[in-house]
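*Asks:* start_24.pdb (PDB, C-alpha atoms) pasted underneath:
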```
ATOM      1  CA  MET A   1      82.867  88.830 120.741
ATOM      2  CA  ILE A   2      85.809  87.785 118.593
ATOM      3  CA  PRO A   3      88.817  86.464 120.624
ATOM      4  CA  LEU A   4      91.775  88.829 121.073
ATOM      5  CA  GLN A   5      94.155  86.458 119.280
ATOM      6  CA  ASP A   6      91.997  86.478 116.155
ATOM      7  CA  LEU A   7      91.594  90.250 116.354
ATOM      8  CA  SER A   8      95.385  90.688 116.547
ATOM      9  CA  PHE A   9      95.840  88.771 113.314
ATOM     10  CA  PHE A  10      93.039  90.751 111.690
ATOM     11  CA  ILE A  11      94.682  94.033 112.714
ATOM     12  CA  LEU A  12      97.921  92.872 111.046
ATOM     13  CA  ALA A  13      96.007  92.053 107.867
ATOM     14  CA  ALA A  14      94.233  95.425 107.959
ATOM     15  CA  LEU A  15      97.570  97.171 108.421
ATOM     16  CA  ILE A  16      99.028  95.394 105.391
ATOM     17  CA  LEU A  17      96.027  96.481 103.331
ATOM     18  CA  VAL A  18      96.533 100.119 104.309
ATOM     19  CA  ILE A  19     100.284 100.305 103.688
ATOM     20  CA  SER A  20     100.192  98.373 100.411
ATOM     21  CA  PRO A  21     100.376 100.683  97.375
ATOM     22  CA  GLY A  22      96.985 101.478  95.935
ATOM     23  CA  PRO A  23      94.620 104.213  94.726
ATOM     24  CA  ASN A  24      93.853 105.503  98.234
ATOM     25  CA  MET A  25      97.484 106.024  99.215
ATOM     26  CA  ILE A  26      98.413 107.582  95.888
ATOM     27  CA  TYR A  27      95.478 110.009  96.048
ATOM     28  CA  LEU A  28      96.112 111.064  99.651
ATOM     29  CA  ILE A  29      99.836 111.600  99.133
ATOM     30  CA  SER A  30      99.252 113.505  95.906
ATOM     31  CA  LYS A  31      96.666 115.908  97.347
ATOM     32  CA  SER A  32      98.581 116.389 100.594
ATOM     33  CA  ILE A  33     101.704 117.427  98.689
ATOM     34  CA  THR A  34     100.127 119.509  95.933
ATOM     35  CA  GLN A  35      97.337 121.203  97.922
ATOM     36  CA  GLY A  36      98.417 120.984 101.551
ATOM     37  CA  LYS A  37      97.431 119.029 104.652
ATOM     38  CA  LYS A  38      93.922 120.481 104.859
ATOM     39  CA  SER A  39      93.088 119.099 101.421
ATOM     40  CA  GLY A  40      94.646 115.804 102.462
ATOM     41  CA  PHE A  41      92.380 115.627 105.513
ATOM     42  CA  ILE A  42      89.262 116.358 103.457
ATOM     43  CA  SER A  43      90.275 113.661 100.992
ATOM     44  CA  LEU A  44      90.846 111.274 103.903
ATOM     45  CA  MET A  45      87.304 111.874 105.181
ATOM     46  CA  GLY A  46      86.010 110.831 101.772
ATOM     47  CA  VAL A  47      88.150 107.697 101.852
ATOM     48  CA  ILE A  48      86.900 106.768 105.341
ATOM     49  CA  CYS A  49      83.274 107.214 104.256
ATOM     50  CA  GLY A  50      84.065 104.883 101.372
ATOM     51  CA  PHE A  51      85.236 102.286 103.889
ATOM     52  CA  MET A  52      81.982 102.680 105.803
ATOM     53  CA  PHE A  53      80.031 102.052 102.600
ATOM     54  CA  HIS A  54      81.932  98.802 102.013
ATOM     55  CA  ILE A  55      81.464  97.706 105.625
ATOM     56  CA  ILE A  56      77.696  98.171 105.574
ATOM     57  CA  MET A  57      77.287  96.396 102.244
ATOM     58  CA  VAL A  58      79.592  93.514 103.101
ATOM     59  CA  SER A  59      78.306  93.042 106.660
ATOM     60  CA  PHE A  60      74.710  92.515 105.591
ATOM     61  CA  GLY A  61      75.794  90.539 102.535
ATOM     62  CA  LEU A  62      78.013  88.162 104.514
ATOM     63  CA  THR A  63      75.310  87.630 107.095
ATOM     64  CA  ALA A  64      72.947  86.397 104.390
ATOM     65  CA  VAL A  65      75.476  84.395 102.363
ATOM     66  CA  LEU A  66      77.314  82.605 105.170
ATOM     67  CA  LEU A  67      74.082  81.543 106.846
ATOM     68  CA  ALA A  68      72.524  80.306 103.615
ATOM     69  CA  VAL A  69      75.508  78.803 101.776
ATOM     70  CA  PRO A  70      78.236  77.113 103.884
ATOM     71  CA  LEU A  71      80.276  76.502 100.725
ATOM     72  CA  ALA A  72      80.700  80.274 100.470
ATOM     73  CA  TYR A  73      83.426  80.105 103.121
ATOM     74  CA  THR A  74      85.633  77.925 100.918
ATOM     75  CA  VAL A  75      84.958  80.034  97.847
ATOM     76  CA  LEU A  76      85.801  83.290  99.608
ATOM     77  CA  LYS A  77      88.900  81.749 101.171
ATOM     78  CA  THR A  78      90.163  80.671  97.752
ATOM     79  CA  ILE A  79      89.509  84.105  96.250
ATOM     80  CA  GLY A  80      91.266  85.782  99.157
ATOM     81  CA  THR A  81      94.326  83.524  98.901
ATOM     82  CA  VAL A  82      94.722  84.118  95.169
ATOM     83  CA  TYR A  83      94.235  87.852  95.563
ATOM     84  CA  LEU A  84      96.847  88.127  98.315
ATOM     85  CA  LEU A  85      99.374  86.312  96.121
ATOM     86  CA  TYR A  86      98.476  88.696  93.305
ATOM     87  CA  LEU A  87      99.145  91.691  95.570
ATOM     88  CA  ALA A  88     102.486  90.171  96.582
ATOM     89  CA  TYR A  89     103.476  89.847  92.927
ATOM     90  CA  GLN A  90     102.337  93.384  92.164
ATOM     91  CA  ALA A  91     104.564  94.673  94.953
ATOM     92  CA  ILE A  92     107.771  93.212  93.487
ATOM     93  CA  LYS A  93     107.095  92.878  89.768
ATOM     94  CA  PRO A  94     109.656  94.547  87.455
ATOM     95  CA  LYS A  95     109.028  98.225  86.693
ATOM     96  CA  SER A  96     106.265  98.495  89.287
ATOM     97  CA  LYS A  97     105.162 102.050  89.925
ATOM     98  CA  ASN A  98     106.873 104.105  92.605
ATOM     99  CA  ILE A  99     103.915 105.575  94.491
ATOM    100  CA  PHE A 100     106.104 108.371  95.851
ATOM    101  CA  GLU A 101     106.645 109.920  92.440
ATOM    102  CA  ILE A 102     103.988 112.613  92.627
ATOM    103  CA  ASP A 103     102.799 114.822  89.805
ATOM    104  CA  GLN A 104     103.274 118.360  91.089
ATOM    105  CA  ASN A 105     101.232 119.813  88.208
ATOM    106  CA  GLY A 106      97.901 118.343  89.271
ATOM    107  CA  THR A 107      94.723 120.415  89.299
ATOM    108  CA  HIS A 108      93.600 122.273  92.434
ATOM    109  CA  ASP A 109      90.310 120.801  93.665
ATOM    110  CA  GLY A 110      87.745 122.321  96.039
ATOM    111  CA  PRO A 111      86.594 120.632  99.290
ATOM    112  CA  LYS A 112      83.504 119.025  97.719
ATOM    113  CA  LYS A 113      85.492 117.514  94.879
ATOM    114  CA  LEU A 114      88.277 116.376  97.215
ATOM    115  CA  PHE A 115      85.775 114.546  99.425
ATOM    116  CA  THR A 116      83.850 113.073  96.483
ATOM    117  CA  ILE A 117      86.937 111.778  94.692
ATOM    118  CA  GLY A 118      88.295 110.331  97.947
ATOM    119  CA  PHE A 119      84.972 108.571  98.526
ATOM    120  CA  LEU A 120      84.692 107.220  94.982
ATOM    121  CA  THR A 121      88.364 106.208  94.886
ATOM    122  CA  ASN A 122      87.698 103.920  97.838
ATOM    123  CA  VAL A 123      84.224 102.713  96.872
ATOM    124  CA  LEU A 124      85.466 101.739  93.401
ATOM    125  CA  ASN A 125      88.701 100.186  94.738
ATOM    126  CA  PRO A 126      88.379  96.402  94.223
ATOM    127  CA  LYS A 127      91.184  95.748  96.710
ATOM    128  CA  VAL A 128      88.986  96.955  99.569
ATOM    129  CA  ALA A 129      85.939  94.947  98.523
ATOM    130  CA  VAL A 130      87.980  91.764  98.047
ATOM    131  CA  PHE A 131      89.679  92.299 101.416
ATOM    132  CA  TYR A 132      86.358  92.462 103.217
ATOM    133  CA  LEU A 133      84.783  89.573 101.335
ATOM    134  CA  SER A 134      87.807  87.277 101.703
ATOM    135  CA  PHE A 135      89.068  88.188 105.176
ATOM    136  CA  PHE A 136      85.957  88.741 107.244
ATOM    137  CA  PRO A 137      84.762  85.105 106.957
ATOM    138  CA  GLN A 138      88.106  83.912 108.390
ATOM    139  CA  PHE A 139      87.309  85.588 111.716
ATOM    140  CA  ILE A 140      83.532  85.305 111.879
ATOM    141  CA  LYS A 141      82.346  82.173 113.703
ATOM    142  CA  PRO A 142      78.758  81.358 114.774
ATOM    143  CA  GLU A 143      79.934  80.442 118.273
ATOM    144  CA  TYR A 144      81.197  84.012 118.767
ATOM    145  CA  GLY A 145      77.688  85.429 118.476
ATOM    146  CA  SER A 146      75.814  87.393 115.823
ATOM    147  CA  ILE A 147      77.509  87.285 112.403
ATOM    148  CA  LEU A 148      76.333  90.810 111.670
ATOM    149  CA  THR A 149      77.745  92.106 114.961
ATOM    150  CA  GLN A 150      81.097  90.388 114.366
ATOM    151  CA  SER A 151      81.278  91.780 110.837
ATOM    152  CA  LEU A 152      80.581  95.303 112.047
ATOM    153  CA  GLU A 153      83.166  94.857 114.823
ATOM    154  CA  LEU A 154      85.830  93.918 112.277
ATOM    155  CA  GLY A 155      84.756  96.810 110.082
ATOM    156  CA  VAL A 156      85.145  99.372 112.864
ATOM    157  CA  ILE A 157      88.617  98.028 113.710
ATOM    158  CA  GLN A 158      89.673  98.174 110.056
ATOM    159  CA  VAL A 159      88.458 101.758 109.748
ATOM    160  CA  LEU A 160      90.372 102.790 112.876
ATOM    161  CA  VAL A 161      93.575 101.195 111.551
ATOM    162  CA  SER A 162      93.095 102.780 108.149
ATOM    163  CA  PHE A 163      92.326 106.224 109.557
ATOM    164  CA  THR A 164      95.367 106.176 111.860
ATOM    165  CA  VAL A 165      97.816 105.159 109.129
ATOM    166  CA  ASN A 166      96.362 107.467 106.486
ATOM    167  CA  PHE A 167      96.257 110.362 108.964
ATOM    168  CA  LEU A 168      99.999 109.931 109.495
ATOM    169  CA  ILE A 169     100.498 109.734 105.724
ATOM    170  CA  VAL A 170      98.713 113.060 105.254
ATOM    171  CA  LEU A 171     100.811 114.683 108.009
ATOM    172  CA  THR A 172     104.135 113.433 106.655
ATOM    173  CA  ALA A 173     103.430 113.040 102.920
ATOM    174  CA  ALA A 174     106.020 115.538 101.689
ATOM    175  CA  ARG A 175     108.792 114.263 103.965
ATOM    176  CA  VAL A 176     108.021 110.615 103.229
ATOM    177  CA  ALA A 177     107.998 111.209  99.464
ATOM    178  CA  LEU A 178     111.274 113.165  99.652
ATOM    179  CA  PHE A 179     112.950 110.464 101.766
ATOM    180  CA  PHE A 180     112.023 107.632  99.422
ATOM    181  CA  ASN A 181     112.941 109.606  96.311
ATOM    182  CA  ASN A 182     116.367 110.278  97.834
ATOM    183  CA  ASN A 183     116.773 106.712  99.096
ATOM    184  CA  PRO A 184     115.507 104.374  96.353
ATOM    185  CA  ALA A 185     117.004 101.325  98.098
ATOM    186  CA  TRP A 186     114.318 101.622 100.782
ATOM    187  CA  ILE A 187     111.649 101.271  98.096
ATOM    188  CA  LYS A 188     112.962  97.775  97.332
ATOM    189  CA  VAL A 189     113.078  96.884 101.024
ATOM    190  CA  GLN A 190     109.511  98.066 101.491
ATOM    191  CA  LYS A 191     108.283  96.135  98.447
ATOM    192  CA  TRP A 192     109.953  92.840  99.410
ATOM    193  CA  PHE A 193     108.851  93.115 103.025
ATOM    194  CA  MET A 194     105.288  93.744 101.922
ATOM    195  CA  ALA A 195     105.384  90.871  99.443
ATOM    196  CA  SER A 196     106.699  88.515 102.143
ATOM    197  CA  VAL A 197     103.949  89.407 104.603
ATOM    198  CA  LEU A 198     101.239  89.141 101.945
ATOM    199  CA  THR A 199     102.520  85.692 100.944
ATOM    200  CA  TYR A 200     102.508  84.582 104.574
ATOM    201  CA  LEU A 201      98.924  85.769 105.001
ATOM    202  CA  ALA A 202      97.924  83.956 101.798
ATOM    203  CA  VAL A 203      99.448  80.663 102.975
ATOM    204  CA  LYS A 204      97.840  80.997 106.420
ATOM    205  CA  MET A 205      94.476  81.680 104.805
ATOM    206  CA  ALA A 206      94.824  78.752 102.392
ATOM    207  CA  PHE A 207      95.284  76.274 105.273
ATOM    208  CA  SER A 208      92.651  77.804 107.565
ATOM    209  CA  LYS A 209      89.513  75.775 108.232
ATOM    210  CA  ALA A 210      85.996  76.796 109.039
ATOM    211  CA  LYS A 211      84.985  76.049 112.618
TER     212      LYS A 211
END
```
Now, as a test, write the supplied structure out as structure tokens.
*Replies:*
Amino acid sequence: MIPLQDLSFFILAALILVISPGPNMIYLISKSITQGKKSGFISLMGVICGFMFHIIMVSFGLTAVLLAVPLAYTVLKTIGTVYLLYLAYQAIKPKSKNIFEIDQNGTHDGPKKLFTIGFLTNVLNPKVAVFYLSFFPQFIKPEYGSILTQSLELGVIQVLVSFTVNFLIVLTAARVALFFNNNPAWIKVQKWFMASVLTYLAVKMAFSKAK
């Protein structure tokens, strides 16, 4: 089992992934506002299934790679550090998109399409794949037991964090969007806070060492 201290840091990282602007959040907010909460929930189920797809692929992949190629840890750590710094820049770059500006004229999709698009939006989201590939190795250690079991443990925790946050987003999408549109100063606060945390995680990852 992975120690509680390591799991706490992983939960923070997973939380940052979920609340950082991206395709999943934009899609869920958009469908929840334009088609109602039920459509938002169906879309969320597709997104969660997309997470499960990533977890299964990455868990078995990491098990093979980390056991066969020790250098992979350093490579994945470097990729993860660079990507986190990239996300931090994207959060505060000039003229970055306001994710709460929703197109009210979007098409009305049926349940099957809502689920499918939610699934594909997540499966094809590089941010999720990079998160798994770069973060999981930081917490997986041979002395903690089976690498596959540890990877699946982290995956389940990430899914629970993601589901909880996105569930709240679906429930409050309209009110959240209205609040931020009426209070643009909070957008800047949110962006700089997110960028600061992402930078901290990148620095911590850069100086972490395999055990």
*Asks:* If I take CA of Tyr144 (chain A) and CA of Thr199 (chain A), how far is one from the other in Å, to one decimal?
*Replies:*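 Here the two named atoms are 27.8 Å from each other.
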*Asks:* Set the distance at 7 Å and use only C-alpha atoms: which residues neighbour region 3-16 of chain A once local chain neighbours fewer than 5 positions away are removed? I'd like the list as a list in words.
*Replies:*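 What passes the distance filter is Phe139, Gln158 and Val161 of chain A.
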*Asks:* Once the PyMOL selection byres ((chain A and resi 37-51) around 9) is applied to the coordinates I shared, what remains selected? I want it as a PyMOL selection string.
*Replies:* chain A and resi 24+27-36+52-56+109-124+128+155+158-159+162-163+166-167+170-173
*Asks:* In terms of the shortest atom-to-atom distance over only C-alpha atoms, which of A:Thr164, A:Thr78, A:Gln90, A:Asn182 is closest to Phe207 (chain A)?
*Replies:*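 Smallest separation from Phe207 (chain A) among the options: A:Thr78.
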*Asks:* Which residue is closest to Phe131 (chain A)? Choose from A:Thr81, A:Asn183, A:Ser196, A:Gln150 and count all atoms listed in the file.
*Replies:*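 So, comparing all the options, the nearest one is A:Thr81.
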*Asks:* In Å, with one decimal, what is the gap from CA of Gly145 (chain A) to CA of Ser59 (chain A)?
*Replies:*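 Value for the CA of Gly145 (chain A)-CA of Ser59 (chain A) distance: 14.1 Å.
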*Asks:* Provide the CA of Leu148 (chain A) to CA of Ala206 (chain A) distance in Å, to one decimal place.
*Replies:*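 It comes out at 23.9 Å.
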*Asks:* Using the file's own x, y and z axes, so that the box edges lie along x, y and z, what centre and edge lengths in Å (one decimal) does a box around every listed atom of region 154-165 of chain A get when 8 Å is added on each side? Give it as lines of an AutoDock Vina configuration file.
*Replies:*
```
center_x = 91.3
center_y = 100.1
center_z = 110.9
size_x = 29.1
size_y = 28.3
size_z = 21.6
```
*Asks:* Check what the PyMOL selection byres ((chain A and resi 147) around 12) selects in the file above and give those residues as a PyMOL selection string.
*Replies:* chain A and resi 1-2+58-67+136-146+148-154
